[in-house]
Amino acid sequence: MHTSDTPAPLEGGCLCGALRYRLRRVQSAYWCHCSMCQRISGSSALPWATVARGDFDVTHGALTTYASSAGVQRGFCGSCGSPILFDMASEAAVDVTIGTLDLPDRLTPTHHIWTTTALAMSDGLGPGLPRHAAEAPADPA
Ligand SMILES: [Zn+2]
Ligand SMILES: [Zn+2]
């Protein structure tokens, strides 16, 4: 599936419903196996959707943020703790957790990143997709 063909907007929210958001257009979708995503999600890997910063809107409630690295804010629901957003100040795009979308199956991850820290239990995730040891190579301009 080509994520650029994704009908927009996509809507999602946290477990308790205090926080709702809307995505206007998704640029890409991928699995992250980094140790920080494992820790923040409590899962073996986390699927993310990348959207332009201006294409992500909180429509109800407000994100609580945590600075997980220099220049990186992770946004979550302050009531139920659902992880929602990865926001690196130096980037023009942000990442949103696919699992918090109302219809997560409308997106299909196309690659894996940070596979150097992938867990054995994640072997069956997204078989056949390109695997990158760290970050994905930059898109050709
Ligand atoms: Zn919540
Ligand atoms: Zn990660």
# chains A, B, ... in the order shown; residues from 1 in each chain; ligands from 1
$ residues_near_ligand --ligand "ligand 1" --cutoff "10 Å" --atoms "only C-alpha atoms and all ligand atoms" --output "number ranges by chain"
A: 13-20, 61-63, 76-84
$ write_last_selection --atoms "N, CA, C and O atoms" --output "PDB file, in the first residue's frame"
ATOM      1  N   GLY A  13      -6.891   8.608  19.314  1.00  0.00           N
ATOM      2  CA  GLY A  13      -6.951   9.125  20.667  1.00  0.00           C
ATOM      3  C   GLY A  13      -6.380   8.126  21.650  1.00  0.00           C
ATOM      4  O   GLY A  13      -6.018   7.003  21.293  1.00  0.00           O
ATOM      5  N   CYS A  14      -6.310   8.570  22.896  1.00  0.00           N
ATOM      6  CA  CYS A  14      -5.728   7.738  23.947  1.00  0.00           C
ATOM      7  C   CYS A  14      -6.744   6.737  24.497  1.00  0.00           C
ATOM      8  O   CYS A  14      -7.918   6.766  24.133  1.00  0.00           O
ATOM      9  N   LEU A  15      -6.291   5.896  25.392  1.00  0.00           N
ATOM     10  CA  LEU A  15      -7.156   4.856  25.955  1.00  0.00           C
ATOM     11  C   LEU A  15      -8.341   5.425  26.717  1.00  0.00           C
ATOM     12  O   LEU A  15      -9.462   4.942  26.588  1.00  0.00           O
ATOM     13  N   CYS A  16      -8.131   6.490  27.513  1.00  0.00           N
ATOM     14  CA  CYS A  16      -9.215   7.002  28.368  1.00  0.00           C
ATOM     15  C   CYS A  16     -10.128   7.977  27.645  1.00  0.00           C
ATOM     16  O   CYS A  16     -11.198   8.314  28.152  1.00  0.00           O
ATOM     17  N   GLY A  17      -9.715   8.463  26.466  1.00  0.00           N
ATOM     18  CA  GLY A  17     -10.565   9.367  25.704  1.00  0.00           C
ATOM     19  C   GLY A  17     -10.356  10.841  26.012  1.00  0.00           C
ATOM     20  O   GLY A  17     -10.983  11.700  25.381  1.00  0.00           O
ATOM     21  N   ALA A  18      -9.475  11.167  26.961  1.00  0.00           N
ATOM     22  CA  ALA A  18      -9.233  12.569  27.314  1.00  0.00           C
ATOM     23  C   ALA A  18      -8.531  13.315  26.186  1.00  0.00           C
ATOM     24  O   ALA A  18      -8.672  14.529  26.052  1.00  0.00           O
ATOM     25  N   LEU A  19      -7.769  12.566  25.381  1.00  0.00           N
ATOM     26  CA  LEU A  19      -6.995  13.194  24.321  1.00  0.00           C
ATOM     27  C   LEU A  19      -7.408  12.640  22.960  1.00  0.00           C
ATOM     28  O   LEU A  19      -7.461  11.431  22.765  1.00  0.00           O
ATOM     29  N   ARG A  20      -7.728  13.533  22.032  1.00  0.00           N
ATOM     30  CA  ARG A  20      -8.080  13.135  20.668  1.00  0.00           C
ATOM     31  C   ARG A  20      -7.225  13.943  19.698  1.00  0.00           C
ATOM     32  O   ARG A  20      -6.849  15.085  19.967  1.00  0.00           O
ATOM     33  N   GLY A  61      -8.420  17.862  24.578  1.00  0.00           N
ATOM     34  CA  GLY A  61      -7.438  17.636  25.625  1.00  0.00           C
ATOM     35  C   GLY A  61      -6.099  18.239  25.264  1.00  0.00           C
ATOM     36  O   GLY A  61      -6.001  19.068  24.353  1.00  0.00           O
ATOM     37  N   ALA A  62      -5.054  17.829  25.972  1.00  0.00           N
ATOM     38  CA  ALA A  62      -3.717  18.365  25.734  1.00  0.00           C
ATOM     39  C   ALA A  62      -2.680  17.284  26.030  1.00  0.00           C
ATOM     40  O   ALA A  62      -2.853  16.484  26.956  1.00  0.00           O
ATOM     41  N   LEU A  63      -1.619  17.274  25.225  1.00  0.00           N
ATOM     42  CA  LEU A  63      -0.541  16.316  25.445  1.00  0.00           C
ATOM     43  C   LEU A  63       0.277  16.698  26.680  1.00  0.00           C
ATOM     44  O   LEU A  63       0.538  17.878  26.910  1.00  0.00           O
ATOM     45  N   PHE A  76       2.253  12.259  25.523  1.00  0.00           N
ATOM     46  CA  PHE A  76       1.378  11.166  25.948  1.00  0.00           C
ATOM     47  C   PHE A  76       0.179  11.748  26.677  1.00  0.00           C
ATOM     48  O   PHE A  76       0.137  12.956  26.979  1.00  0.00           O
ATOM     49  N   CYS A  77      -0.817  10.915  26.960  1.00  0.00           N
ATOM     50  CA  CYS A  77      -1.969  11.373  27.729  1.00  0.00           C
ATOM     51  C   CYS A  77      -1.593  11.387  29.203  1.00  0.00           C
ATOM     52  O   CYS A  77      -1.167  10.364  29.748  1.00  0.00           O
ATOM     53  N   GLY A  78      -1.774  12.532  29.844  1.00  0.00           N
ATOM     54  CA  GLY A  78      -1.419  12.665  31.253  1.00  0.00           C
ATOM     55  C   GLY A  78      -2.358  11.908  32.171  1.00  0.00           C
ATOM     56  O   GLY A  78      -2.041  11.709  33.344  1.00  0.00           O
ATOM     57  N   SER A  79      -3.514  11.480  31.669  1.00  0.00           N
ATOM     58  CA  SER A  79      -4.464  10.741  32.496  1.00  0.00           C
ATOM     59  C   SER A  79      -4.250   9.235  32.423  1.00  0.00           C
ATOM     60  O   SER A  79      -4.219   8.567  33.451  1.00  0.00           O
ATOM     61  N   CYS A  80      -4.119   8.693  31.203  1.00  0.00           N
ATOM     62  CA  CYS A  80      -4.028   7.230  31.066  1.00  0.00           C
ATOM     63  C   CYS A  80      -2.642   6.763  30.626  1.00  0.00           C
ATOM     64  O   CYS A  80      -2.344   5.578  30.673  1.00  0.00           O
ATOM     65  N   GLY A  81      -1.781   7.684  30.174  1.00  0.00           N
ATOM     66  CA  GLY A  81      -0.409   7.326  29.835  1.00  0.00           C
ATOM     67  C   GLY A  81      -0.180   6.830  28.420  1.00  0.00           C
ATOM     68  O   GLY A  81       0.956   6.493  28.067  1.00  0.00           O
ATOM     69  N   SER A  82      -1.207   6.783  27.580  1.00  0.00           N
ATOM     70  CA  SER A  82      -1.012   6.293  26.205  1.00  0.00           C
ATOM     71  C   SER A  82       0.051   7.123  25.493  1.00  0.00           C
ATOM     72  O   SER A  82      -0.060   8.350  25.436  1.00  0.00           O
ATOM     73  N   PRO A  83       1.079   6.469  24.920  1.00  0.00           N
ATOM     74  CA  PRO A  83       2.073   7.223  24.131  1.00  0.00           C
ATOM     75  C   PRO A  83       1.474   7.627  22.793  1.00  0.00           C
ATOM     76  O   PRO A  83       0.851   6.814  22.115  1.00  0.00           O
ATOM     77  N   ILE A  84       1.626   8.902  22.416  1.00  0.00           N
ATOM     78  CA  ILE A  84       0.988   9.429  21.200  1.00  0.00           C
ATOM     79  C   ILE A  84       2.006   9.987  20.213  1.00  0.00           C
ATOM     80  O   ILE A  84       1.948   9.691  19.023  1.00  0.00           O
TER      81      ILE A  84
END
$ closest_atom_pairs --of "chain A" --to "ligand 2" --cutoff "9 Å" --atoms "only C-alpha atoms and all ligand atoms" --output "tab-separated table"
residue	atom	partner	partner_atom_place_in_ligand_line	distance
A:Trp31	CA	ligand 2	1 (Zn)	8.1
A:Cys32	CA	ligand 2	1 (Zn)	4.5
A:His33	CA	ligand 2	1 (Zn)	5.6
A:Cys34	CA	ligand 2	1 (Zn)	4.1
A:Ser35	CA	ligand 2	1 (Zn)	6.6
A:Met36	CA	ligand 2	1 (Zn)	5.7
A:Cys37	CA	ligand 2	1 (Zn)	4.2
A:Gln38	CA	ligand 2	1 (Zn)	7.2
A:Ala45	CA	ligand 2	1 (Zn)	7.7
A:Leu46	CA	ligand 2	1 (Zn)	6.9
A:Pro47	CA	ligand 2	1 (Zn)	8.9
A:Trp48	CA	ligand 2	1 (Zn)	8.7
A:Phe86	CA	ligand 2	1 (Zn)	8.9
A:Ile113	CA	ligand 2	1 (Zn)	7.7
A:Trp114	CA	ligand 2	1 (Zn)	7.1
$ write_last_selection --atoms "C-alpha atoms" --output "PDB file, in the first residue's frame"
ATOM      1  CA  TRP A  31       8.235  -0.113  12.886  1.00  0.00           C
ATOM      2  CA  CYS A  32      10.743   1.211  15.454  1.00  0.00           C
ATOM      3  CA  HIS A  33      12.716  -1.303  17.514  1.00  0.00           C
ATOM      4  CA  CYS A  34      14.744   1.204  19.561  1.00  0.00           C
ATOM      5  CA  SER A  35      15.083   0.589  23.283  1.00  0.00           C
ATOM      6  CA  MET A  36      13.322   3.872  24.143  1.00  0.00           C
ATOM      7  CA  CYS A  37      10.209   2.917  22.135  1.00  0.00           C
ATOM      8  CA  GLN A  38      10.241  -0.482  23.836  1.00  0.00           C
ATOM      9  CA  ALA A  45       8.407  -2.604  18.994  1.00  0.00           C
ATOM     10  CA  LEU A  46       6.259   0.404  18.147  1.00  0.00           C
ATOM     11  CA  PRO A  47       4.621   1.246  14.788  1.00  0.00           C
ATOM     12  CA  TRP A  48       4.770   4.964  13.910  1.00  0.00           C
ATOM     13  CA  PHE A  86       7.474  11.768  19.015  1.00  0.00           C
ATOM     14  CA  ILE A 113      14.360   0.955  11.966  1.00  0.00           C
ATOM     15  CA  TRP A 114      16.811   0.440  14.838  1.00  0.00           C
TER      16      TRP A 114
END
$ closest_residue --among "A:Ala29, A:Leu10, A:Val58, A:Ala138" --to "Thr108 in chain A" --atoms "only C-alpha atoms"
A:Ala29
$ residues_around --residues "Pro9 in chain A" --least-positions-apart "6" --cutoff "7 Å" --atoms "only C-alpha atoms" --output "PDB file with N, CA, C and O atoms, in the first residue's frame"
ATOM      1  N   ARG A  22      -6.046  14.489  15.205  1.00  0.00           N
ATOM      2  CA  ARG A  22      -6.358  14.275  13.790  1.00  0.00           C
ATOM      3  C   ARG A  22      -5.079  14.437  12.974  1.00  0.00           C
ATOM      4  O   ARG A  22      -4.267  15.332  13.249  1.00  0.00           O
ATOM      5  N   LEU A  23      -4.899  13.554  11.988  1.00  0.00           N
ATOM      6  CA  LEU A  23      -3.771  13.637  11.055  1.00  0.00           C
ATOM      7  C   LEU A  23      -4.327  14.008   9.685  1.00  0.00           C
ATOM      8  O   LEU A  23      -5.240  13.350   9.197  1.00  0.00           O
ATOM      9  N   ARG A  24      -3.758  15.043   9.078  1.00  0.00           N
ATOM     10  CA  ARG A  24      -4.264  15.435   7.757  1.00  0.00           C
ATOM     11  C   ARG A  24      -3.689  14.566   6.653  1.00  0.00           C
ATOM     12  O   ARG A  24      -4.399  14.156   5.752  1.00  0.00           O
ATOM     13  N   ARG A  25      -2.401  14.293   6.691  1.00  0.00           N
ATOM     14  CA  ARG A  25      -1.803  13.498   5.623  1.00  0.00           C
ATOM     15  C   ARG A  25      -0.595  12.747   6.173  1.00  0.00           C
ATOM     16  O   ARG A  25       0.270  13.355   6.810  1.00  0.00           O
TER      17      ARG A  25
END
$ select_by_dssp --residues "range 16-119 of chain A" --states "helix (DSSP H, G or I)" --output "list in words"
Ser35, Met36, Cys37, Gln38, Arg39, Ile40, Ser41, Arg53, Gly54, Asp55, Ile98, Gly99, Thr100, Pro104, Asp105, Arg106, Thr115, Thr116 and Thr117 of chain A
$ write_last_selection --atoms "all heavy atoms" --output "short mmCIF file (atom, residue, chain, number, x, y, z; two decimals), in the first residue's frame"
data_model
loop_
_atom_site.label_atom_id
_atom_site.label_comp_id
_atom_site.auth_asym_id
_atom_site.auth_seq_id
_atom_site.Cartn_x
_atom_site.Cartn_y
_atom_site.Cartn_z
N SER A 35 15.33 0.96 21.89
CA SER A 35 15.08 0.59 23.28
C SER A 35 14.18 1.61 23.98
O SER A 35 13.44 1.26 24.90
CB SER A 35 16.41 0.44 24.03
OG SER A 35 17.14 1.65 23.96
N MET A 36 14.19 2.87 23.52
CA MET A 36 13.32 3.87 24.14
C MET A 36 11.85 3.63 23.78
O MET A 36 10.97 3.79 24.62
CB MET A 36 13.76 5.28 23.76
CG MET A 36 15.06 5.68 24.46
SD MET A 36 15.43 7.45 24.29
CE MET A 36 15.89 7.51 22.58
N CYS A 37 11.59 3.24 22.52
CA CYS A 37 10.21 2.92 22.14
C CYS A 37 9.72 1.67 22.87
O CYS A 37 8.56 1.58 23.25
CB CYS A 37 10.09 2.74 20.62
SG CYS A 37 10.10 4.30 19.72
N GLN A 38 10.62 0.71 23.07
CA GLN A 38 10.24 -0.48 23.84
C GLN A 38 9.84 -0.07 25.25
O GLN A 38 8.81 -0.49 25.79
CB GLN A 38 11.40 -1.48 23.88
CG GLN A 38 11.68 -2.14 22.54
CD GLN A 38 13.01 -2.86 22.49
OE1 GLN A 38 13.79 -2.81 23.44
NE2 GLN A 38 13.29 -3.52 21.38
N ARG A 39 10.64 0.79 25.84
CA ARG A 39 10.41 1.19 27.24
C ARG A 39 9.13 2.02 27.37
O ARG A 39 8.32 1.80 28.28
CB ARG A 39 11.62 1.99 27.72
CG ARG A 39 11.62 2.34 29.18
CD ARG A 39 11.98 1.19 30.08
NE ARG A 39 13.39 0.84 29.99
CZ ARG A 39 14.00 0.00 30.85
NH1 ARG A 39 13.32 -0.55 31.84
NH2 ARG A 39 15.25 -0.31 30.69
N ILE A 40 8.94 2.97 26.46
CA ILE A 40 7.79 3.88 26.61
C ILE A 40 6.47 3.20 26.28
O ILE A 40 5.41 3.59 26.78
CB ILE A 40 7.99 5.17 25.77
CG1 ILE A 40 7.20 6.33 26.39
CG2 ILE A 40 7.61 4.97 24.32
CD1 ILE A 40 7.63 7.69 25.95
N SER A 41 6.52 2.16 25.44
CA SER A 41 5.28 1.47 25.04
C SER A 41 5.03 0.22 25.86
O SER A 41 3.91 -0.29 25.91
CB SER A 41 5.34 1.08 23.56
OG SER A 41 6.32 0.08 23.35
N ARG A 53 4.64 18.43 10.67
CA ARG A 53 4.25 19.00 11.96
C ARG A 53 2.89 19.68 11.89
O ARG A 53 2.06 19.55 12.79
CB ARG A 53 5.32 20.00 12.41
CG ARG A 53 5.20 20.48 13.85
CD ARG A 53 6.32 21.45 14.17
NE ARG A 53 7.63 20.84 13.98
CZ ARG A 53 8.21 20.03 14.86
NH1 ARG A 53 7.62 19.76 15.99
NH2 ARG A 53 9.40 19.50 14.62
N GLY A 54 2.61 20.39 10.80
CA GLY A 54 1.35 21.11 10.65
C GLY A 54 0.17 20.22 10.32
O GLY A 54 -0.97 20.68 10.28
N ASP A 55 0.44 18.93 10.06
CA ASP A 55 -0.64 17.99 9.73
C ASP A 55 -1.09 17.18 10.93
O ASP A 55 -1.88 16.24 10.79
CB ASP A 55 -0.21 17.03 8.61
CG ASP A 55 -0.22 17.73 7.26
OD1 ASP A 55 -0.81 18.83 7.16
OD2 ASP A 55 0.38 17.18 6.31
N ILE A 98 0.80 4.50 15.65
CA ILE A 98 -0.28 3.95 14.81
C ILE A 98 -1.32 3.22 15.67
O ILE A 98 -2.51 3.24 15.37
CB ILE A 98 0.32 3.01 13.73
CG1 ILE A 98 1.12 3.85 12.73
CG2 ILE A 98 -0.78 2.22 13.02
CD1 ILE A 98 1.84 3.03 11.66
N GLY A 99 -0.87 2.62 16.78
CA GLY A 99 -1.78 1.87 17.62
C GLY A 99 -2.84 2.71 18.31
O GLY A 99 -3.81 2.17 18.84
N THR A 100 -2.68 4.05 18.32
CA THR A 100 -3.70 4.91 18.94
C THR A 100 -4.68 5.47 17.91
O THR A 100 -5.59 6.22 18.26
CB THR A 100 -3.08 6.08 19.73
OG1 THR A 100 -2.28 6.89 18.86
CG2 THR A 100 -2.22 5.57 20.88
N PRO A 104 -6.30 1.64 12.89
CA PRO A 104 -4.86 1.48 12.66
C PRO A 104 -4.54 0.72 11.37
O PRO A 104 -3.51 0.98 10.75
CB PRO A 104 -4.39 0.66 13.88
CG PRO A 104 -5.45 0.85 14.91
CD PRO A 104 -6.73 1.06 14.17
N ASP A 105 -5.42 -0.17 10.94
CA ASP A 105 -5.14 -0.96 9.73
C ASP A 105 -5.22 -0.15 8.44
O ASP A 105 -4.91 -0.66 7.37
CB ASP A 105 -6.08 -2.16 9.64
CG ASP A 105 -5.48 -3.41 10.27
OD1 ASP A 105 -4.24 -3.45 10.45
OD2 ASP A 105 -6.24 -4.34 10.56
N ARG A 106 -5.61 1.14 8.54
CA ARG A 106 -5.56 1.97 7.33
C ARG A 106 -4.12 2.28 6.95
O ARG A 106 -3.86 2.74 5.83
CB ARG A 106 -6.36 3.26 7.54
CG ARG A 106 -7.87 3.00 7.36
CD ARG A 106 -8.69 4.24 7.61
NE ARG A 106 -8.34 5.34 6.70
CZ ARG A 106 -8.87 6.55 6.82
NH1 ARG A 106 -9.74 6.82 7.77
NH2 ARG A 106 -8.52 7.50 5.98
N THR A 115 16.97 -1.86 14.06
CA THR A 115 16.89 -3.31 14.22
C THR A 115 18.05 -3.86 15.06
O THR A 115 17.99 -5.02 15.47
CB THR A 115 16.89 -4.02 12.85
OG1 THR A 115 18.09 -3.68 12.16
CG2 THR A 115 15.68 -3.60 12.04
N THR A 116 19.08 -3.03 15.32
CA THR A 116 20.18 -3.51 16.16
C THR A 116 19.68 -3.85 17.56
O THR A 116 20.30 -4.64 18.27
CB THR A 116 21.30 -2.45 16.28
OG1 THR A 116 20.71 -1.19 16.59
CG2 THR A 116 22.09 -2.35 14.99
N THR A 117 18.54 -3.24 17.98
CA THR A 117 17.99 -3.54 19.30
C THR A 117 16.66 -4.29 19.20
O THR A 117 15.91 -4.36 20.17
CB THR A 117 17.81 -2.25 20.14
OG1 THR A 117 17.19 -1.24 19.32
CG2 THR A 117 19.16 -1.72 20.62
#
$ closest_residue --among "A:Glu91, A:Val26, A:Ser43, A:Tyr21" --to "Ser122 in chain A" --atoms "only C-alpha atoms"
A:Ser43
$ select_by_dssp --residues "chain A" --states "strand (DSSP E)" --output "PyMOL selection string"
chain A and resi 10-13+20-23+26-32+46-52+56-60+63-69+72-77+83-88+93-97+112-113
$ closest_residue --among "A:Leu129, A:Ala136, A:Ala52, A:Met121" --to "Val94 in chain A" --atoms "only C-alpha atoms"
A:Ala52
$ closest_residue --among "A:Thr110, A:Thr59, A:Gln27, A:Gln73" --to "Glu11 in chain A" --atoms "only C-alpha atoms"
A:Thr59
$ closest_residue --among "A:His132, A:Arg74, A:His60, A:His111" --to "Met88 in chain A" --atoms "only C-alpha atoms"
A:Arg74
$ closest_residue --among "A:Leu107, A:His112, A:Ala92, A:Tyr66" --to "Gly124 in chain A" --atoms "only C-alpha atoms"
A:His112
$ atom_distance --atom1 "CA of Asp87 in chain A" --atom2 "CA of Val72 in chain A"
5.7 Å
